[in-house]
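Dumped coords03.cif below, it's mmCIF, C-alpha atoms:
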data_input
loop_
_atom_site.group_PDB
_atom_site.id
_atom_site.type_symbol
_atom_site.label_atom_id
_atom_site.label_comp_id
_atom_site.auth_asym_id
_atom_site.auth_seq_id
_atom_site.Cartn_x
_atom_site.Cartn_y
_atom_site.Cartn_z
ATOM 1 C CA SER Z 238 0.000 0.000 0.000
ATOM 2 C CA SER Z 239 1.250 3.486 -0.769
ATOM 3 C CA GLY Z 240 0.378 7.057 0.000
ATOM 4 C CA ILE Z 241 -1.080 8.507 3.143
ATOM 5 C CA ASN Z 242 -2.848 5.283 4.148
ATOM 6 C CA ALA Z 243 0.372 3.279 4.519
ATOM 7 C CA GLU Z 244 2.265 6.096 6.207
ATOM 8 C CA TYR Z 245 -0.388 7.284 8.656
ATOM 9 C CA GLY Z 246 -2.879 4.387 8.818
ATOM 10 C CA GLU Z 247 -2.338 3.436 12.458
ATOM 11 C CA MET Z 248 -2.005 7.070 13.529
ATOM 12 C CA VAL Z 249 -5.466 7.744 12.103
ATOM 13 C CA LEU Z 250 -6.908 4.777 13.980
ATOM 14 C CA TYR Z 251 -5.389 5.806 17.310
ATOM 15 C CA SER Z 252 -6.201 9.466 16.828
ATOM 16 C CA MET Z 253 -9.863 8.599 16.281
ATOM 17 C CA ALA Z 254 -9.763 6.645 19.540
ATOM 18 C CA VAL Z 255 -8.356 9.739 21.279
ATOM 19 C CA HIS Z 256 -11.100 11.824 19.657
ATOM 20 C CA SER Z 257 -13.892 9.501 20.841
ATOM 21 C CA LEU Z 258 -12.463 9.118 24.334
ATOM 22 C CA THR Z 259 -12.034 12.870 24.709
ATOM 23 C CA ALA Z 260 -15.591 13.503 23.522
ATOM 24 C CA ALA Z 261 -16.989 10.967 25.995
ATOM 25 C CA VAL Z 262 -14.942 12.160 28.966
ATOM 26 C CA SER Z 263 -15.608 15.828 28.151
ATOM 27 C CA CYS Z 264 -19.394 15.636 28.312
ATOM 28 C CA PRO Z 265 -19.774 16.634 31.986
ATOM 29 C CA VAL Z 266 -17.403 19.587 31.522
ATOM 30 C CA ALA Z 267 -19.161 20.549 28.294
ATOM 31 C CA MET Z 268 -22.555 20.554 29.995
ATOM 32 C CA PHE Z 269 -21.195 22.790 32.755
ATOM 33 C CA LEU Z 270 -19.772 25.219 30.164
ATOM 34 C CA ILE Z 271 -22.981 25.266 28.129
ATOM 35 C CA LYS Z 272 -24.980 26.043 31.262
ATOM 36 C CA HIS Z 273 -22.722 28.946 32.237
ATOM 37 C CA LEU Z 274 -21.678 30.315 28.837
ATOM 38 C CA GLY Z 275 -24.933 29.785 26.969
ATOM 39 C CA SER Z 276 -25.568 27.789 23.846
ATOM 40 C CA LYS Z 277 -24.405 30.360 21.298
ATOM 41 C CA ILE Z 278 -20.998 31.020 22.889
ATOM 42 C CA SER Z 279 -20.571 27.267 23.445
ATOM 43 C CA LEU Z 280 -21.319 26.657 19.766
ATOM 44 C CA ILE Z 281 -18.705 29.203 18.718
ATOM 45 C CA LEU Z 282 -16.114 27.838 21.147
ATOM 46 C CA GLY Z 283 -16.721 24.202 20.163
ATOM 47 C CA SER Z 284 -16.714 24.954 16.449
ATOM 48 C CA SER Z 285 -13.476 26.889 16.787
ATOM 49 C CA MET Z 286 -11.836 23.841 18.374
ATOM 50 C CA CYS Z 287 -12.929 21.674 15.456
ATOM 51 C CA ILE Z 288 -11.291 24.012 12.918
ATOM 52 C CA PHE Z 289 -7.846 23.294 14.344
ATOM 53 C CA TYR Z 290 -8.210 19.618 13.451
ATOM 54 C CA TYR Z 291 -8.978 20.363 9.809
ATOM 55 C CA ILE Z 292 -6.008 22.685 9.546
ATOM 56 C CA SER Z 293 -3.650 20.192 11.221
ATOM 57 C CA ALA Z 294 -4.732 17.395 8.864
ATOM 58 C CA ILE Z 295 -3.351 19.336 5.900
ATOM 59 C CA PHE Z 296 0.184 18.785 7.183
ATOM 60 C CA PRO Z 297 0.012 15.754 9.490
ATOM 61 C CA ASN Z 298 2.339 15.641 12.447
ATOM 62 C CA VAL Z 299 1.863 12.967 15.095
ATOM 63 C CA VAL Z 300 1.803 15.296 18.111
ATOM 64 C CA LEU Z 301 -0.321 17.922 16.363
ATOM 65 C CA VAL Z 302 -2.859 15.375 15.105
ATOM 66 C CA PHE Z 303 -3.353 13.862 18.573
ATOM 67 C CA LEU Z 304 -3.589 17.292 20.189
ATOM 68 C CA THR Z 305 -6.094 18.566 17.647
ATOM 69 C CA GLN Z 306 -8.118 15.327 17.793
ATOM 70 C CA SER Z 307 -8.462 15.967 21.528
ATOM 71 C CA LEU Z 308 -9.622 19.524 20.822
ATOM 72 C CA PHE Z 309 -11.960 18.192 18.140
ATOM 73 C CA GLY Z 310 -13.484 15.698 20.595
ATOM 74 C CA PHE Z 311 -13.992 18.371 23.232
ATOM 75 C CA GLY Z 312 -15.375 20.759 20.601
ATOM 76 C CA LEU Z 313 -17.949 18.209 19.484
ATOM 77 C CA ALA Z 314 -18.860 17.522 23.107
ATOM 78 C CA LEU Z 315 -19.770 21.232 23.243
ATOM 79 C CA VAL Z 316 -21.391 21.572 19.809
ATOM 80 C CA ARG Z 317 -23.849 18.687 19.887
ATOM 81 C CA PRO Z 318 -25.758 19.538 23.090
ATOM 82 C CA ALA Z 319 -25.349 23.311 22.604
ATOM 83 C CA SER Z 320 -26.942 23.146 19.159
ATOM 84 C CA LEU Z 321 -29.893 21.214 20.527
ATOM 85 C CA LYS Z 322 -30.256 23.594 23.482
ATOM 86 C CA PHE Z 323 -30.259 26.529 21.049
ATOM 87 C CA LEU Z 324 -32.857 24.740 18.933
ATOM 88 C CA VAL Z 325 -35.143 23.998 21.894
ATOM 89 C CA ARG Z 326 -34.915 27.529 23.292
ATOM 90 C CA ASN Z 327 -35.688 29.130 19.951
ATOM 91 C CA SER Z 328 -38.479 26.876 18.657
ATOM 92 C CA SER Z 329 -42.106 26.972 19.648
ATOM 93 C CA PRO Z 330 -43.746 23.652 20.528
ATOM 94 C CA SER Z 331 -45.695 23.708 17.254
ATOM 95 C CA VAL Z 332 -42.547 23.771 15.058
ATOM 96 C CA MET Z 333 -40.014 22.009 17.299
ATOM 97 C CA GLY Z 334 -40.446 18.659 15.526
ATOM 98 C CA ARG Z 335 -39.912 20.290 12.155
ATOM 99 C CA ASP Z 336 -36.880 22.252 13.346
ATOM 100 C CA SER Z 337 -35.389 19.179 14.981
ATOM 101 C CA GLY Z 338 -35.888 17.172 11.791
ATOM 102 C CA ILE Z 339 -34.199 19.869 9.722
ATOM 103 C CA HIS Z 340 -31.305 20.029 12.215
ATOM 104 C CA TRP Z 341 -30.645 16.284 12.150
ATOM 105 C CA GLY Z 342 -31.262 16.062 8.402
ATOM 106 C CA VAL Z 343 -28.598 18.672 7.713
ATOM 107 C CA PHE Z 344 -26.243 17.027 10.222
ATOM 108 C CA MET Z 345 -26.620 13.559 8.698
ATOM 109 C CA SER Z 346 -26.561 14.719 5.090
ATOM 110 C CA SER Z 347 -23.329 16.619 5.730
ATOM 111 C CA MET Z 348 -21.659 13.291 6.486
ATOM 112 C CA ILE Z 349 -23.031 11.804 3.260
ATOM 113 C CA TRP Z 350 -21.934 14.774 1.143
ATOM 114 C CA GLY Z 351 -18.519 14.925 2.802
ATOM 115 C CA ASN Z 352 -17.859 11.267 2.074
ATOM 116 C CA ALA Z 353 -19.171 11.634 -1.470
ATOM 117 C CA ILE Z 354 -16.773 14.531 -2.085
ATOM 118 C CA VAL Z 355 -13.824 12.539 -0.736
ATOM 119 C CA PHE Z 356 -14.793 9.576 -2.912
ATOM 120 C CA ALA Z 357 -15.085 11.812 -5.992
ATOM 121 C CA LEU Z 358 -11.731 13.489 -5.347
ATOM 122 C CA THR Z 359 -9.900 10.208 -4.759
ATOM 123 C CA HIS Z 360 -11.864 8.179 -7.331
ATOM 124 C CA GLY Z 361 -12.274 5.516 -4.661
ATOM 125 C CA ASN Z 362 -8.514 4.999 -4.325
ATOM 126 C CA HIS Z 363 -6.134 5.758 -1.497
ATOM 127 C CA VAL Z 364 -5.977 9.328 -0.285
ATOM 128 C CA VAL Z 365 -2.861 11.010 -1.623
ATOM 129 C CA PRO Z 366 -1.332 14.184 -0.167
ATOM 130 C CA SER Z 367 -2.704 16.464 -2.902
ATOM 131 C CA SER Z 368 -6.297 15.285 -2.398
ATOM 132 C CA ARG Z 369 -5.859 15.368 1.416
ATOM 133 C CA ILE Z 370 -4.800 19.002 1.251
ATOM 134 C CA LEU Z 371 -7.759 19.843 -0.980
ATOM 135 C CA VAL Z 372 -10.302 17.955 1.160
ATOM 136 C CA TYR Z 373 -9.135 19.332 4.499
ATOM 137 C CA GLY Z 374 -8.652 22.779 2.986
ATOM 138 C CA ILE Z 375 -12.290 22.758 1.861
ATOM 139 C CA LEU Z 376 -13.491 21.396 5.221
ATOM 140 C CA GLY Z 377 -11.400 23.973 7.095
ATOM 141 C CA CYS Z 378 -12.783 26.843 4.988
ATOM 142 C CA LEU Z 379 -16.367 25.643 5.411
ATOM 143 C CA SER Z 380 -15.824 25.360 9.170
ATOM 144 C CA LEU Z 381 -14.374 28.861 9.315
ATOM 145 C CA VAL Z 382 -17.333 30.293 7.404
ATOM 146 C CA GLY Z 383 -19.825 28.364 9.549
ATOM 147 C CA THR Z 384 -18.152 29.449 12.772
ATOM 148 C CA PHE Z 385 -18.058 33.047 11.576
ATOM 149 C CA LEU Z 386 -21.830 32.915 10.901
ATOM 150 C CA LEU Z 387 -22.764 31.441 14.308
ATOM 151 C CA PRO Z 388 -23.116 34.779 16.133
ATOM 152 C CA PHE Z 389 -25.698 36.068 13.659
ATOM 153 C CA PRO Z 390 -28.848 33.961 14.273
ATOM 154 C CA LYS Z 391 -31.129 35.808 16.631
ATOM 155 C CA SER Z 392 -31.734 34.224 19.987
ATOM 156 C CA SER Z 393 -35.144 34.311 21.521
ATOM 157 C CA PRO Z 394 -35.259 36.963 24.254
ATOM 158 C CA GLN Z 395 -37.228 34.523 26.390
ATOM 159 C CA ASN Z 396 -37.638 30.811 26.642
ATOM 160 C CA ILE Z 397 -40.513 30.141 24.260
ATOM 161 C CA LEU Z 398 -41.395 26.848 25.940
ATOM 162 C CA THR Z 399 -42.136 28.347 29.355
ATOM 163 C CA GLY Z 400 -43.596 31.585 28.060
ATOM 164 C CA ARG Z 401 -41.433 33.685 30.353
#

Would you mind writing the file's structure down as structure tokens?
Amino acid sequence: SSGINAEYGEMVLYSMAVHSLTAAVSCPVAMFLIKHLGSKISLILGSSMCIFYYISAIFPNVVLVFLTQSLFGFGLALVRPASLKFLVRNSSPSVMGRDSGIHWGVFMSSMIWGNAIVFALTHGNHVVPSSRILVYGILGCLSLVGTFLLPFPKSSPQNILTGR
């Protein structure tokens, strides 16, 4: 086997384990931060942590990849519940099901489209450095744009569910 898969195959496997472990262990801390910082600031903070992973994957370095996978895991531990908290606080009971469906539909379809793009760029073969740089460059740019746009959605001035 040649290319990035032979050179970094085991590193990718172990770094994903670090990512998953960090995400699982970080949940109690993430919930505390979301409670005290609010969902919007938690979304921005968590998304910012994820960007570092995409940037580090352009030029893989063992220490940097493990460090950024840890940040990525903690960032996702913040983003997932914060996005749902934001959704619940800013949806009325009559449209919450619709909004939740749209949220999860976009989330799940992003994984499908991301994998489809990688498959198209690599033609189903091993990932080579040029396609890795392009893929992670695109993902990094999209993450930057998305994180930049997070402060702009209006938050409800009151919790719609309780009517306060």

Exercise. What does the PyMOL selection byres ((chain Z and resi 270) around 12) select in this file, as a ChimeraX atom specification?
Worked result: /Z:263-269,271-280,282-283,311-312,314-316,318-319

Output C-alpha atoms for every residue in that selection, as a PDB file, in the frame of the given file.
ATOM      1  CA  SER Z 263     -15.608  15.828  28.151  1.00  0.00           C
ATOM      2  CA  CYS Z 264     -19.394  15.636  28.312  1.00  0.00           C
ATOM      3  CA  PRO Z 265     -19.774  16.634  31.986  1.00  0.00           C
ATOM      4  CA  VAL Z 266     -17.403  19.587  31.522  1.00  0.00           C
ATOM      5  CA  ALA Z 267     -19.161  20.549  28.294  1.00  0.00           C
ATOM      6  CA  MET Z 268     -22.555  20.554  29.995  1.00  0.00           C
ATOM      7  CA  PHE Z 269     -21.195  22.790  32.755  1.00  0.00           C
ATOM      8  CA  ILE Z 271     -22.981  25.266  28.129  1.00  0.00           C
ATOM      9  CA  LYS Z 272     -24.980  26.043  31.262  1.00  0.00           C
ATOM     10  CA  HIS Z 273     -22.722  28.946  32.237  1.00  0.00           C
ATOM     11  CA  LEU Z 274     -21.678  30.315  28.837  1.00  0.00           C
ATOM     12  CA  GLY Z 275     -24.933  29.785  26.969  1.00  0.00           C
ATOM     13  CA  SER Z 276     -25.568  27.789  23.846  1.00  0.00           C
ATOM     14  CA  LYS Z 277     -24.405  30.360  21.298  1.00  0.00           C
ATOM     15  CA  ILE Z 278     -20.998  31.020  22.889  1.00  0.00           C
ATOM     16  CA  SER Z 279     -20.571  27.267  23.445  1.00  0.00           C
ATOM     17  CA  LEU Z 280     -21.319  26.657  19.766  1.00  0.00           C
ATOM     18  CA  LEU Z 282     -16.114  27.838  21.147  1.00  0.00           C
ATOM     19  CA  GLY Z 283     -16.721  24.202  20.163  1.00  0.00           C
ATOM     20  CA  PHE Z 311     -13.992  18.371  23.232  1.00  0.00           C
ATOM     21  CA  GLY Z 312     -15.375  20.759  20.601  1.00  0.00           C
ATOM     22  CA  ALA Z 314     -18.860  17.522  23.107  1.00  0.00           C
ATOM     23  CA  LEU Z 315     -19.770  21.232  23.243  1.00  0.00           C
ATOM     24  CA  VAL Z 316     -21.391  21.572  19.809  1.00  0.00           C
ATOM     25  CA  PRO Z 318     -25.758  19.538  23.090  1.00  0.00           C
ATOM     26  CA  ALA Z 319     -25.349  23.311  22.604  1.00  0.00           C
TER      27      ALA Z 319
END

Problem set entry | Selected residue, from Z:Met348, Z:Ile354, Z:Met333, Z:Val302, that lies nearest to Met253 in chain Z when counting only C-alpha atoms | Z:Val302

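Between Glu247 in chain Z and the residues Z:Val299, Z:His363, Z:Gly374, Z:Trp350, the shortest atom-to-atom distance, using all atoms listed in the file, involves Z:Val299.
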
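The space between CA of Met286 in chain Z and CA of Ser252 in chain Z spans 15.5 Å.
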
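The two atoms in question, CA of Phe296 in chain Z and CA of Arg369 in chain Z, are spaced 9.0 Å apart.
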
Exercise. Interatomic distance between CA of Val255 in chain Z and CA of Phe303 in chain Z?
Worked result: 7.0 Å

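Distances here use all atoms listed in the file; by that measure, the residue among Z:Leu386, Z:Ala357, Z:Ser285, Z:Leu321 closest to Ile339 in chain Z is Z:Leu321.
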
Mind working out the centre and edge lengths of an axis-aligned box for range 342-348 of chain Z, all listed atoms inside, 5 Å added to each side, rounded to one decimal in Å and written as JSON?
{"center_x": -26.5, "center_y": 16.0, "center_z": 7.7, "size_x": 19.6, "size_y": 15.4, "size_z": 15.1}

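Of the listed residues (Z:Ser307, Z:Ser347, Z:Asn362, Z:Ser329), Z:Ser307 comes nearest to Leu258 in chain Z; the distances count all atoms listed in the file.
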
Exercise. Restricting the calculation to all atoms listed in the file, which member of Z:Ile295, Z:Ile281, Z:Ala254, Z:Val332 is positioned closest to Leu371 in chain Z?
Worked result: Z:Ile295

Problem set entry | Spatial neighbours of Leu308 in chain Z, 9 Å, only C-alpha atoms, chain gap at least 5 places, as JSON, numbers by chain | {"Z": [256, 259, 260, 283, 286, 287, 289, 290, 303, 313]}
